[in-house]
file upload_28.txt (compact mmCIF, C-alpha atoms)
# COMPACT_ATOMS: atom_id res chain seq x y z
CA MET I 1 22.05 -157.66 31.82
CA SER I 2 19.35 -157.74 34.45
CA THR I 3 20.11 -156.60 37.96
CA ALA I 4 18.96 -159.49 40.09
CA PRO I 5 21.25 -162.17 38.68
CA ALA I 6 24.14 -159.72 38.85
CA GLU I 7 23.46 -159.07 42.52
CA SER I 8 23.22 -162.72 43.37
CA GLN I 9 26.33 -163.38 41.33
CA ILE I 10 28.18 -160.68 43.26
CA SER I 11 27.02 -161.86 46.66
CA ASP I 12 27.88 -165.41 45.72
CA TYR I 13 31.35 -164.48 44.55
CA LEU I 14 31.87 -162.21 47.53
CA GLY I 15 30.78 -164.93 49.91
CA ARG I 16 33.35 -167.35 48.55
CA VAL I 17 36.12 -164.73 48.63
CA ARG I 18 35.17 -163.96 52.22
CA ALA I 19 35.21 -167.64 53.12
CA ALA I 20 38.68 -168.01 51.61
CA LEU I 21 39.86 -165.18 53.86
CA ALA I 22 38.19 -166.62 56.94
CA ASP I 23 41.48 -166.98 58.80
CA LEU I 24 42.08 -163.23 58.85
CA PRO I 25 40.95 -161.17 61.83
CA ALA I 26 37.38 -160.05 61.20
CA ASP I 27 38.15 -156.34 61.10
CA ALA I 28 41.08 -156.77 58.72
CA ARG I 29 38.93 -158.89 56.43
CA ASP I 30 36.05 -156.44 56.51
CA GLU I 31 38.44 -153.62 55.78
CA LEU I 32 39.88 -155.51 52.84
CA LEU I 33 36.49 -156.38 51.39
CA GLU I 34 34.86 -153.03 52.08
CA ASP I 35 34.77 -151.85 48.49
CA LEU I 36 34.68 -155.21 46.80
CA PRO I 37 30.90 -155.31 46.16
CA ASP I 38 31.07 -152.00 44.29
CA HIS I 39 34.17 -153.11 42.50
CA LEU I 40 32.63 -156.40 41.40
CA ALA I 41 29.55 -154.55 40.24
CA GLU I 42 31.86 -152.38 38.17
CA VAL I 43 33.53 -155.39 36.64
CA LEU I 44 30.18 -156.94 35.82
CA ALA I 45 28.82 -153.70 34.36
CA GLU I 46 31.71 -153.11 32.02
CA ASP I 47 32.42 -156.53 30.65
CA ALA I 48 30.53 -159.39 29.16
CA GLY I 49 30.74 -162.66 30.99
CA THR I 50 30.30 -163.88 34.53
CA LEU I 51 32.54 -162.82 37.37
CA THR I 52 34.26 -166.18 37.41
CA GLU I 53 34.98 -165.88 33.70
CA ARG I 54 36.33 -162.39 34.16
CA LEU I 55 38.22 -162.81 37.41
CA GLY I 56 38.81 -166.50 37.89
CA GLU I 57 37.68 -168.62 40.82
CA PRO I 58 36.89 -166.65 44.00
CA GLU I 59 39.47 -168.63 45.95
CA ALA I 60 42.22 -167.69 43.50
CA TYR I 61 40.99 -164.11 43.57
CA ALA I 62 41.16 -164.16 47.37
CA ALA I 63 44.72 -165.49 47.29
CA GLU I 64 45.80 -162.75 44.90
CA LEU I 65 44.01 -160.14 46.97
CA ARG I 66 45.69 -161.42 50.11
CA ALA I 67 49.10 -161.20 48.50
CA ALA I 68 48.54 -157.76 47.00
CA ALA I 69 47.08 -156.26 50.15
CA GLY I 70 50.04 -157.49 52.16
CA VAL I 71 48.02 -159.61 54.60
CA GLY I 72 49.08 -162.88 52.98
CA ALA I 73 52.70 -162.65 54.02
CA ALA I 74 51.89 -162.64 57.71
CA ALA I 75 49.08 -165.14 57.42
CA ALA I 76 50.96 -167.74 55.40
CA PRO I 77 53.44 -169.06 58.02
CA ALA I 78 50.76 -169.04 60.67
CA GLY I 79 48.53 -170.91 58.25
CA ALA I 80 51.23 -173.50 57.60
CA ALA I 81 51.86 -173.98 61.32
CA ARG I 82 48.15 -174.30 61.88
CA ARG I 83 47.89 -176.89 59.12
CA ARG I 84 50.71 -178.95 60.62
CA LEU I 85 49.07 -178.78 64.02
CA ARG I 86 45.76 -179.86 62.52
CA GLU I 87 47.37 -182.80 60.74
CA ALA I 88 49.13 -183.92 63.92
CA THR I 89 45.87 -183.62 65.82
CA GLU I 90 44.08 -185.72 63.22
CA ARG I 91 46.70 -188.44 63.41
CA LEU I 92 46.42 -188.53 67.19
CA ASP I 93 42.66 -188.50 66.85
CA ALA I 94 42.63 -191.60 64.68
CA ARG I 95 45.27 -193.42 66.69
CA VAL I 96 43.88 -192.96 70.20
CA GLY I 97 40.26 -193.43 69.14
CA PRO I 98 40.32 -197.27 68.92
CA VAL I 99 41.85 -197.47 72.39
CA LEU I 100 38.71 -195.87 73.76
CA GLY I 101 36.45 -198.00 71.61
CA TYR I 102 35.72 -195.34 69.01
CA ARG I 103 36.92 -194.87 65.50
CA ARG I 104 38.17 -191.44 66.41
CA VAL I 105 38.50 -189.54 69.68
CA SER I 106 36.57 -186.69 68.11
CA GLU I 107 33.55 -188.99 67.77
CA LEU I 108 33.60 -189.56 71.51
CA LEU I 109 34.08 -185.85 72.16
CA ALA I 110 31.20 -185.03 69.84
CA GLN I 111 28.96 -187.27 71.93
CA LEU I 112 30.19 -185.63 75.11
CA ARG I 113 29.49 -182.12 73.87
CA PRO I 114 25.90 -181.88 75.15
CA GLY I 115 27.17 -183.02 78.53
CA TRP I 116 29.71 -180.22 78.47
CA TRP I 117 26.97 -177.74 77.59
CA VAL I 118 24.95 -178.87 80.61
CA LEU I 119 27.99 -178.67 82.91
CA ARG I 120 28.87 -175.24 81.55
CA GLY I 121 25.34 -173.96 82.10
CA TYR I 122 25.27 -175.42 85.60
CA LEU I 123 28.55 -173.67 86.45
CA ALA I 124 27.31 -170.41 84.96
CA GLY I 125 24.20 -170.65 87.12
CA LEU I 126 26.36 -171.30 90.18
CA LEU I 127 28.52 -168.32 89.35
CA VAL I 128 25.53 -165.98 89.18
CA PHE I 129 24.19 -167.47 92.40
CA ALA I 130 27.55 -166.99 94.08
CA MET I 131 27.66 -163.38 92.92
CA ILE I 132 24.21 -162.70 94.38
CA PHE I 133 24.48 -164.64 97.64
CA GLY I 134 28.20 -164.49 98.13
CA SER I 135 28.79 -168.22 98.45
CA PRO I 136 28.83 -170.94 95.83
CA THR I 137 26.86 -174.04 96.69
CA LEU I 138 27.07 -177.04 94.43
CA LEU I 139 23.72 -178.35 95.62
CA PRO I 140 20.58 -176.31 96.19
CA PRO I 141 20.63 -174.71 99.64
CA ALA I 142 17.88 -175.64 102.09
CA SER I 143 16.51 -172.16 102.61
CA LEU I 144 14.65 -169.70 100.46
CA PRO I 145 17.43 -169.15 97.87
CA ALA I 146 16.84 -172.76 96.78
CA LEU I 147 14.28 -171.54 94.28
CA VAL I 148 16.65 -168.89 93.00
CA TRP I 149 19.40 -171.49 92.77
CA LEU I 150 17.15 -173.79 90.77
CA ILE I 151 16.06 -171.03 88.39
CA LEU I 152 19.61 -169.83 87.85
CA VAL I 153 21.03 -173.29 87.24
CA LEU I 154 18.20 -174.39 84.94
CA GLY I 155 18.39 -171.09 83.09
CA GLY I 156 22.14 -171.46 82.77
CA VAL I 157 21.82 -174.97 81.38
CA ALA I 158 19.11 -173.97 78.91
CA GLY I 159 21.12 -170.97 77.73
CA SER I 160 24.32 -172.96 77.46
CA VAL I 161 22.72 -175.72 75.36
CA ARG I 162 21.18 -173.13 73.10
CA LEU I 163 24.56 -171.44 72.78
CA GLY I 164 26.13 -174.80 71.99
CA GLN I 165 23.73 -175.39 69.15
CA ALA I 166 24.08 -171.89 67.74
CA SER I 167 26.61 -171.34 65.00
CA LEU I 168 28.99 -168.64 66.13
CA ARG I 169 31.37 -166.41 64.26
CA PRO I 170 35.08 -166.92 65.02
CA THR I 171 35.12 -163.92 67.37
CA GLY I 172 32.16 -165.31 69.26
CA ARG I 173 33.90 -168.66 69.56
CA VAL I 174 36.98 -167.08 71.08
CA VAL I 175 34.89 -165.11 73.57
CA LEU I 176 32.95 -168.25 74.48
CA ALA I 177 36.13 -170.26 74.97
CA ALA I 178 37.63 -167.56 77.20
CA ALA I 179 34.44 -167.39 79.24
CA SER I 180 34.47 -171.17 79.60
CA VAL I 181 38.02 -171.12 80.92
CA LEU I 182 37.07 -168.46 83.49
CA LEU I 183 34.08 -170.54 84.44
CA LEU I 184 36.24 -173.60 85.03
CA VAL I 185 38.62 -171.58 87.20
CA PHE I 186 35.64 -170.42 89.20
CA ALA I 187 34.40 -173.99 89.47
CA VAL I 188 37.71 -175.21 90.87
CA ALA I 189 37.65 -172.40 93.42
CA ALA I 190 34.05 -173.21 94.33
CA LEU I 191 34.85 -176.90 94.80
CA ASN I 192 37.68 -175.94 97.13
CA LEU I 193 35.40 -173.73 99.19
CA SER I 194 32.72 -176.38 99.39
CA GLY I 195 35.32 -178.97 100.32
CA GLN I 196 36.34 -176.83 103.26
CA ARG I 197 32.76 -176.40 104.26
CA PHE I 198 32.16 -180.16 104.36
CA GLU I 199 35.07 -180.63 106.77
CA PRO I 200 34.25 -180.92 110.49
CA ALA I 201 33.38 -177.43 111.51
CA ALA I 202 35.60 -177.33 114.61
CA SER I 203 38.61 -175.86 112.90
CA THR I 204 36.79 -173.16 111.02
CA VAL I 205 33.79 -172.25 113.20
CA ASP I 206 34.58 -171.09 116.71
CA PRO I 207 31.42 -170.67 118.80
CA TYR I 208 33.35 -168.37 121.17
CA ASP I 209 34.52 -166.20 118.36
CA GLY I 210 32.30 -163.31 119.39
CA VAL I 211 33.15 -163.51 123.10
CA VAL I 212 34.82 -160.37 124.36
CA ASP I 213 34.71 -161.04 128.09
CA VAL I 214 34.10 -163.78 130.70
CA TYR I 215 31.80 -163.36 133.72
CA PRO I 216 32.42 -166.13 136.27
CA TYR I 217 29.92 -167.00 139.02
CA ASP I 218 30.26 -169.24 141.99
CA ALA I 219 27.84 -172.05 142.79
CA ASP I 220 25.62 -169.68 144.75
CA GLY I 221 25.19 -167.35 141.89
CA HIS I 222 27.57 -164.73 143.11
CA PRO I 223 29.67 -163.01 140.52
CA LEU I 224 33.39 -163.47 140.90
CA SER I 225 36.07 -161.06 140.01
CA GLY I 226 39.77 -161.27 139.43
CA VAL I 227 39.41 -164.84 138.16
CA ARG I 228 42.39 -166.33 136.35
CA LEU I 229 41.76 -168.87 133.64
CA TYR I 230 44.29 -171.44 132.46
CA ASP I 231 44.20 -174.09 129.81
CA GLN I 232 45.22 -177.76 130.17
CA ASP I 233 48.87 -176.82 129.78
CA GLY I 234 48.80 -174.13 132.37
CA SER I 235 48.96 -171.30 129.90
CA PRO I 236 46.78 -168.37 130.77
CA ILE I 237 43.68 -168.07 128.63
CA MET I 238 43.49 -164.59 127.28
CA ILE I 239 40.09 -164.37 125.76
CA GLY I 240 38.25 -161.16 125.18
CA ASP I 241 39.18 -157.59 124.65
CA PRO I 242 40.36 -155.74 127.77
CA PHE I 243 40.44 -152.46 125.92
CA ARG I 244 36.74 -152.24 125.30
CA CYS I 245 36.09 -151.19 128.91
CA PRO I 246 35.27 -147.59 129.69
CA GLN I 247 38.35 -145.64 130.60
CA SER I 248 36.76 -143.98 133.58
CA VAL I 249 37.78 -146.66 136.05
CA PRO I 250 37.72 -147.36 138.92
CA LYS I 251 34.04 -146.99 139.48
CA PRO I 252 31.55 -148.26 141.97
CA HIS I 253 29.24 -150.68 140.29
CA ALA I 254 26.01 -152.41 141.14
CA PHE I 255 25.66 -155.95 139.98
CA GLY I 256 23.51 -158.39 141.91
CA ARG I 257 25.15 -157.16 145.04
CA SER I 258 27.41 -154.27 145.56
CA GLU I 259 30.75 -154.63 143.93
CA LEU I 260 33.57 -152.31 143.56
CA TYR I 261 35.86 -153.06 140.72
CA ARG I 262 39.30 -151.66 140.88
CA TYR I 263 41.28 -152.02 137.79
CA LYS I 264 44.95 -152.50 137.88
CA ILE I 265 47.11 -150.66 135.54
CA GLY I 266 49.40 -153.13 133.92
CA PRO I 267 49.29 -155.95 131.44
CA ALA I 268 45.77 -156.05 130.14
CA PHE I 269 44.88 -159.51 131.37
CA ASP I 270 46.49 -159.23 134.79
CA ARG I 271 43.38 -158.10 136.53
CA GLY I 272 41.58 -161.36 135.74
CA TYR I 273 38.04 -161.92 134.60
CA PRO I 274 35.79 -160.19 134.11
CA LEU I 275 37.88 -157.74 132.21
CA CYS I 276 35.23 -155.06 132.31
CA PRO I 277 32.36 -154.31 134.66
CA PRO I 278 29.08 -156.02 133.73
CA THR I 279 26.79 -153.87 131.72
CA GLY I 280 23.49 -154.24 133.42
CA TRP I 281 22.40 -157.77 132.63
CA ALA I 282 22.15 -160.53 135.22
CA PRO I 283 21.61 -164.26 134.94
CA SER I 284 17.95 -164.58 135.84
CA THR I 285 17.93 -168.13 137.16
CA GLY I 286 21.44 -168.62 138.33
CA PRO I 287 24.82 -169.21 136.92
CA GLN I 288 24.24 -172.83 135.83
CA ARG I 289 22.51 -171.43 132.85
CA SER I 290 24.59 -169.43 130.56
CA PRO I 291 23.47 -165.84 130.49
CA SER I 292 21.33 -165.60 127.44
CA PRO I 293 21.63 -162.01 126.35
CA ALA I 294 25.29 -161.57 125.63
CA PRO I 295 26.90 -158.63 127.32
CA SER I 296 26.72 -155.81 124.88
CA PRO I 297 30.11 -154.68 123.72
CA GLU I 298 29.19 -151.16 124.70
CA PRO I 299 29.33 -150.75 128.44
CA SER I 300 26.34 -148.96 129.85
CA PRO I 301 27.06 -145.27 129.71
CA GLN I 302 25.71 -144.68 133.19
CA PRO I 303 27.17 -147.08 135.72
CA ARG I 304 25.06 -146.95 138.78
CA PRO I 305 26.73 -144.68 141.25
CA SER I 306 25.69 -146.48 144.42
CA PRO I 307 25.01 -149.96 145.76
CA SER I 308 21.80 -151.30 144.38
CA ARG I 309 18.40 -151.05 145.88
CA MET B 1 60.61 -164.49 32.42
CA ASP B 2 57.48 -164.48 34.49
CA THR B 3 56.21 -160.93 34.45
CA THR B 4 53.92 -161.50 37.45
CA GLN B 5 56.97 -161.95 39.68
CA LEU B 6 58.34 -158.60 38.51
CA LEU B 7 54.94 -156.98 38.87
CA LYS B 8 54.74 -157.87 42.55
CA GLY B 9 57.66 -155.61 43.31
CA VAL B 10 56.50 -152.62 41.34
CA LEU B 11 52.72 -152.77 41.49
CA ASP B 12 52.63 -150.09 44.19
CA LEU B 13 54.61 -147.78 42.00
CA ALA B 14 52.53 -148.68 38.93
CA VAL B 15 49.28 -147.91 40.71
CA LEU B 16 50.61 -144.64 42.12
CA ALA B 17 51.79 -143.66 38.65
CA ALA B 18 48.43 -144.53 37.13
CA LEU B 19 46.83 -142.04 39.51
CA ARG B 20 49.36 -139.26 38.99
CA ASP B 21 47.43 -137.29 36.39
CA GLU B 22 43.89 -138.36 37.01
CA ASP B 23 41.80 -139.86 39.82
CA GLY B 24 40.28 -143.20 39.06
CA TYR B 25 38.08 -146.02 40.38
CA GLY B 26 39.35 -149.56 40.73
CA TYR B 27 38.40 -150.94 37.38
CA ASP B 28 39.46 -147.74 35.68
CA ILE B 29 42.96 -148.05 37.13
CA LEU B 30 43.14 -151.68 36.05
CA ARG B 31 42.34 -150.64 32.47
CA ARG B 32 44.96 -147.90 32.56
CA LEU B 33 47.62 -150.36 33.68
CA ARG B 34 46.63 -152.90 31.04
CA GLY B 35 46.41 -150.16 28.45
CA ALA B 36 49.96 -149.13 29.35
CA GLY B 37 51.14 -152.65 28.59
CA LEU B 38 50.91 -154.46 31.95
CA ASP B 39 48.67 -157.12 30.48
CA GLU B 40 49.17 -159.66 33.19
CA VAL B 41 48.16 -157.48 36.11
CA GLY B 42 45.30 -159.14 37.95
CA ASP B 43 42.09 -157.52 39.11
CA ALA B 44 42.53 -158.68 42.68
CA SER B 45 46.12 -157.46 42.72
CA VAL B 46 45.09 -153.95 41.75
CA TYR B 47 42.17 -153.94 44.12
CA GLY B 48 44.32 -155.27 46.98
CA THR B 49 47.10 -152.79 46.23
CA LEU B 50 44.59 -149.92 46.27
CA ARG B 51 43.33 -151.05 49.66
CA ARG B 52 46.85 -151.28 51.02
CA LEU B 53 47.94 -147.89 49.66
CA PHE B 54 44.77 -146.41 51.10
CA GLN B 55 45.57 -148.01 54.46
CA ALA B 56 49.10 -146.66 54.28
CA GLY B 57 47.69 -143.15 53.88
CA TYR B 58 48.81 -142.48 50.33
CA LEU B 59 45.33 -142.28 48.82
CA THR B 60 42.10 -140.53 49.56
CA THR B 61 38.76 -141.75 48.30
CA TYR B 62 35.47 -140.24 47.32
CA VAL B 63 32.30 -141.75 45.96
CA VAL B 64 30.72 -140.59 42.71
CA PRO B 65 27.10 -141.62 42.24
CA SER B 66 26.25 -142.87 38.83
CA GLU B 67 22.95 -142.92 36.98
CA GLU B 68 23.12 -146.36 35.40
CA GLY B 69 25.68 -148.76 36.93
CA PRO B 70 27.03 -148.84 40.50
CA HIS B 71 28.41 -145.97 42.55
CA ARG B 72 32.09 -145.58 41.97
CA LYS B 73 34.71 -145.09 44.61
CA TYR B 74 37.42 -142.90 43.18
CA TYR B 75 40.96 -143.00 44.46
CA SER B 76 43.07 -139.91 44.45
CA LEU B 77 46.75 -139.31 45.25
CA ASN B 78 47.19 -137.15 48.34
CA PRO B 79 50.43 -135.27 49.08
CA ALA B 80 51.86 -138.29 50.94
CA GLY B 81 51.05 -140.43 47.91
CA ARG B 82 52.76 -137.97 45.58
CA GLY B 83 55.79 -137.97 47.83
CA GLN B 84 55.85 -141.75 47.83
CA LEU B 85 55.50 -141.77 44.03
CA ALA B 86 58.52 -139.47 43.73
CA VAL B 87 60.67 -141.51 46.12
CA ALA B 88 59.68 -144.91 44.74
CA GLY B 89 60.01 -143.61 41.17
CA LYS B 90 63.56 -142.49 41.89
CA THR B 91 64.38 -145.87 43.41
CA TRP B 92 62.92 -147.63 40.39
CA ARG B 93 64.88 -145.54 37.90
CA ALA B 94 68.13 -146.18 39.75
CA PHE B 95 67.33 -149.88 39.89
CA ALA B 96 66.36 -150.01 36.23
CA THR B 97 69.53 -148.17 35.24
CA THR B 98 71.61 -150.65 37.21
CA MET B 99 69.82 -153.56 35.58
CA ASP B 100 70.21 -152.00 32.12
CA ALA B 101 73.90 -151.50 32.70
CA LEU B 102 74.26 -155.08 33.94
CA LEU B 103 72.45 -156.45 30.91
CA ASP B 104 74.46 -154.28 28.52
CA ASP B 105 77.76 -155.35 30.15
CA GLY B 106 76.72 -158.96 29.93
CA ARG B 107 75.97 -158.60 26.22
CA ALA B 108 79.24 -156.75 25.67
CA ALA B 109 81.17 -159.49 27.44
CA ALA B 110 79.43 -162.26 25.55

call {"tool": "encode", "arguments": {"input": "upload_28.txt", "output": "structure tokens"}}
result
Amino acid sequence: MSTAPAESQISDYLGRVRAALADLPADARDELLEDLPDHLAEVLAEDAGTLTERLGEPEAYAAELRAAAGVGAAAAPAGAARRRLREATERLDARVGPVLGYRRVSELLAQLRPGWWVLRGYLAGLLVFAMIFGSPTLLPPASLPALVWLILVLGGVAGSVRLGQASLRPTGRVVLAAASVLLLVFAVAALNLSGQRFEPAASTVDPYDGVVDVYPYDADGHPLSGVRLYDQDGSPIMIGDPFRCPQSVPKPHAFGRSELYRYKIGPAFDRGYPLCPPTGWAPSTGPQRSPSPAPSPEPSPQPRPSPSR
Amino acid sequence: MDTTQLLKGVLDLAVLAALRDEDGYGYDILRRLRGAGLDEVGDASVYGTLRRLFQAGYLTTYVVPSEEGPHRKYYSLNPAGRGQLAVAGKTWRAFATTMDALLDDGRAAA
């Protein structure tokens, strides 16, 4: 007996046995079939006749192997349940199909698959973009990252379509399905975020968010002190952070003209605005214009000791 | 009576017994079993049983290279396997005795 036909006979037989055990977990199947090539070679070497003549059909061999190795018992009920589920799915498939104008629903789904691949790739691209730039944007942003966004999304789509066309092993399929589910979860989250962003900004973006103090001036450009602010309902407006002021108060302070701030000890907002002495800036053209450099949160370390020059 | 049904229950014990005196490779063990009179034992059953006994820790294996023909993986009983052979053998003998007695009683009563 020549070697080459024997080898092809073995690999052929082995392939069909492996296919018949396809429902087993990959590692269990590999473990079970580990020695089978050598064993089949042994059978071929010692007896006349083909493997099928000696051992029967590979599928029958696989069934016997399954039973003897003790993996059949666990697999059988699961297999039966799976078969019932498949049959039910097929019935539903054929019944609902005509309603949608197709012979079977699966025909429609098959046509939608490339669309799903594109969507999946798009979402994957978004995810990577979100991980890099911290925010998911469904459309390309206006600024520089637009190019990155485009590359990521196009790359994601290309990769996803390629993945869709590839034939995967069962393990790969499971991993892919899990990744797709995660991706969809991410997509829902991203849509939510974007939805919030498209709302009028008033509720979420407060332009006075960074304000820690208020410096009132009168019409002549003179700074005021001890100013109380109230809202339309008469409630005091407590904006800013009274505790950022230097502790070494009271102190003489120069600001436009000589001012001496005396701080009361008591509820933080009782002393009125400004809460803390100005820190060296002055409105250059008058109070009508808002002071452009914001008062730095750090008060100047060296308050001027005397009335200004 | 269908011998294959009976074989299912005792194949473990049969394979362990076939390895008691001498190590063997898969096909070798199959021939021993058939030679001993278990004609209906299937190749896949023996191979599958060997894999399962190996998994259970009753067998050790080693590979013997061969000049012509394929390398052979030999199976050998380890101490756990010998212990299992003793226990399962005892169970089988008790079971067989019970069955013998049952059959004899039945014939006596008939």

call {"tool": "atom_distance", "arguments": {"input": "upload_28.txt", "atom1": "CA of Gly57 in chain B", "atom2": "CA of Tyr13 in chain I"}}
result
28.4 Å

call {"tool": "closest_atom_pairs", "arguments": {"input": "upload_28.txt", "of": "chain I", "to": "chain B", "cutoff": "12 Å", "atoms": "all atoms listed in the file", "output": "JSON lines"}}
result
{"residue": "I:Met1", "atom": "CA", "partner": "B:Gly69", "partner_atom": "CA", "distance": 10.9}
{"residue": "I:Ser2", "atom": "CA", "partner": "B:Gly69", "partner_atom": "CA", "distance": 11.3}
{"residue": "I:Thr3", "atom": "CA", "partner": "B:Gly69", "partner_atom": "CA", "distance": 9.7}
{"residue": "I:Ala6", "atom": "CA", "partner": "B:Gly69", "partner_atom": "CA", "distance": 11.2}
{"residue": "I:Glu7", "atom": "CA", "partner": "B:Pro70", "partner_atom": "CA", "distance": 11.0}
{"residue": "I:Val17", "atom": "CA", "partner": "B:Ala44", "partner_atom": "CA", "distance": 10.6}
{"residue": "I:Ala28", "atom": "CA", "partner": "B:Gln55", "partner_atom": "CA", "distance": 10.7}
{"residue": "I:Arg29", "atom": "CA", "partner": "B:Arg51", "partner_atom": "CA", "distance": 11.3}
{"residue": "I:Asp30", "atom": "CA", "partner": "B:Arg51", "partner_atom": "CA", "distance": 11.4}
{"residue": "I:Glu31", "atom": "CA", "partner": "B:Arg51", "partner_atom": "CA", "distance": 8.2}
{"residue": "I:Leu32", "atom": "CA", "partner": "B:Arg51", "partner_atom": "CA", "distance": 6.5}
{"residue": "I:Leu33", "atom": "CA", "partner": "B:Arg51", "partner_atom": "CA", "distance": 8.8}
{"residue": "I:Glu34", "atom": "CA", "partner": "B:Arg51", "partner_atom": "CA", "distance": 9.0}
{"residue": "I:Asp35", "atom": "CA", "partner": "B:Lys73", "partner_atom": "CA", "distance": 7.8}
{"residue": "I:Leu36", "atom": "CA", "partner": "B:Tyr47", "partner_atom": "CA", "distance": 8.1}
{"residue": "I:Pro37", "atom": "CA", "partner": "B:Pro70", "partner_atom": "CA", "distance": 9.4}
{"residue": "I:Asp38", "atom": "CA", "partner": "B:Pro70", "partner_atom": "CA", "distance": 6.4}
{"residue": "I:His39", "atom": "CA", "partner": "B:Gly26", "partner_atom": "CA", "distance": 6.5}
{"residue": "I:Leu40", "atom": "CA", "partner": "B:Tyr27", "partner_atom": "CA", "distance": 8.9}
{"residue": "I:Ala41", "atom": "CA", "partner": "B:Pro70", "partner_atom": "CA", "distance": 6.2}
{"residue": "I:Glu42", "atom": "CA", "partner": "B:Pro70", "partner_atom": "CA", "distance": 6.4}
{"residue": "I:Val43", "atom": "CA", "partner": "B:Tyr27", "partner_atom": "CA", "distance": 6.6}
{"residue": "I:Leu44", "atom": "CA", "partner": "B:Gly69", "partner_atom": "CA", "distance": 9.4}
{"residue": "I:Ala45", "atom": "CA", "partner": "B:Gly69", "partner_atom": "CA", "distance": 6.4}
{"residue": "I:Glu46", "atom": "CA", "partner": "B:Tyr27", "partner_atom": "CA", "distance": 8.8}
{"residue": "I:Asp47", "atom": "CA", "partner": "B:Tyr27", "partner_atom": "CA", "distance": 10.6}
{"residue": "I:Leu51", "atom": "CA", "partner": "B:Asp43", "partner_atom": "CA", "distance": 11.1}
{"residue": "I:Thr52", "atom": "CA", "partner": "B:Asp43", "partner_atom": "CA", "distance": 11.8}
{"residue": "I:Arg54", "atom": "CA", "partner": "B:Asp43", "partner_atom": "CA", "distance": 9.0}
{"residue": "I:Leu55", "atom": "CA", "partner": "B:Asp43", "partner_atom": "CA", "distance": 6.8}
{"residue": "I:Gly56", "atom": "CA", "partner": "B:Asp43", "partner_atom": "CA", "distance": 9.6}
{"residue": "I:Glu57", "atom": "CA", "partner": "B:Ala44", "partner_atom": "CA", "distance": 11.2}
{"residue": "I:Pro58", "atom": "CA", "partner": "B:Ala44", "partner_atom": "CA", "distance": 9.9}
{"residue": "I:Glu59", "atom": "CA", "partner": "B:Ala44", "partner_atom": "CA", "distance": 10.9}
{"residue": "I:Ala60", "atom": "CA", "partner": "B:Ala44", "partner_atom": "CA", "distance": 9.1}
{"residue": "I:Tyr61", "atom": "CA", "partner": "B:Ala44", "partner_atom": "CA", "distance": 5.7}
{"residue": "I:Ala62", "atom": "CA", "partner": "B:Ala44", "partner_atom": "CA", "distance": 7.3}
{"residue": "I:Ala63", "atom": "CA", "partner": "B:Ala44", "partner_atom": "CA", "distance": 8.5}
{"residue": "I:Glu64", "atom": "CA", "partner": "B:Ala44", "partner_atom": "CA", "distance": 5.7}
{"residue": "I:Leu65", "atom": "CA", "partner": "B:Ala44", "partner_atom": "CA", "distance": 4.8}
{"residue": "I:Arg66", "atom": "CA", "partner": "B:Gly48", "partner_atom": "CA", "distance": 7.0}
{"residue": "I:Ala67", "atom": "CA", "partner": "B:Ser45", "partner_atom": "CA", "distance": 7.5}
{"residue": "I:Ala68", "atom": "CA", "partner": "B:Gly48", "partner_atom": "CA", "distance": 4.9}
{"residue": "I:Ala69", "atom": "CA", "partner": "B:Gly48", "partner_atom": "CA", "distance": 4.3}
{"residue": "I:Gly70", "atom": "CA", "partner": "B:Arg52", "partner_atom": "CA", "distance": 7.1}
{"residue": "I:Val71", "atom": "CA", "partner": "B:Arg52", "partner_atom": "CA", "distance": 9.1}
{"residue": "I:Gly72", "atom": "CA", "partner": "B:Gly48", "partner_atom": "CA", "distance": 10.8}

call {"tool": "residues_around", "arguments": {"input": "upload_28.txt", "residues": "range 213-230 of chain I", "least_positions_apart": "5", "cutoff": "6 Å", "atoms": "all atoms listed in the file", "output": "PyMOL selection string"}}
result
chain I and resi 235-237+240+271-274+286-287

call {"tool": "atom_distance", "arguments": {"input": "upload_28.txt", "atom1": "CA of Val157 in chain I", "atom2": "CA of Arg104 in chain I"}}
result
27.6 Å

call {"tool": "atom_distance", "arguments": {"input": "upload_28.txt", "atom1": "CA of Val211 in chain I", "atom2": "CA of Ile239 in chain I"}}
result
7.5 Å

call {"tool": "closest_residue", "arguments": {"input": "upload_28.txt", "among": "I:Thr89, I:Thr50, I:Ser8, I:Ser160", "to": "Ser106 in chain I", "atoms": "all atoms listed in the file"}}
result
I:Thr89

call {"tool": "closest_residue", "arguments": {"input": "upload_28.txt", "among": "B:Leu77, B:Leu38, B:Ala94, B:Ala88", "to": "Thr3 in chain B", "atoms": "only C-alpha atoms"}}
result
B:Leu38
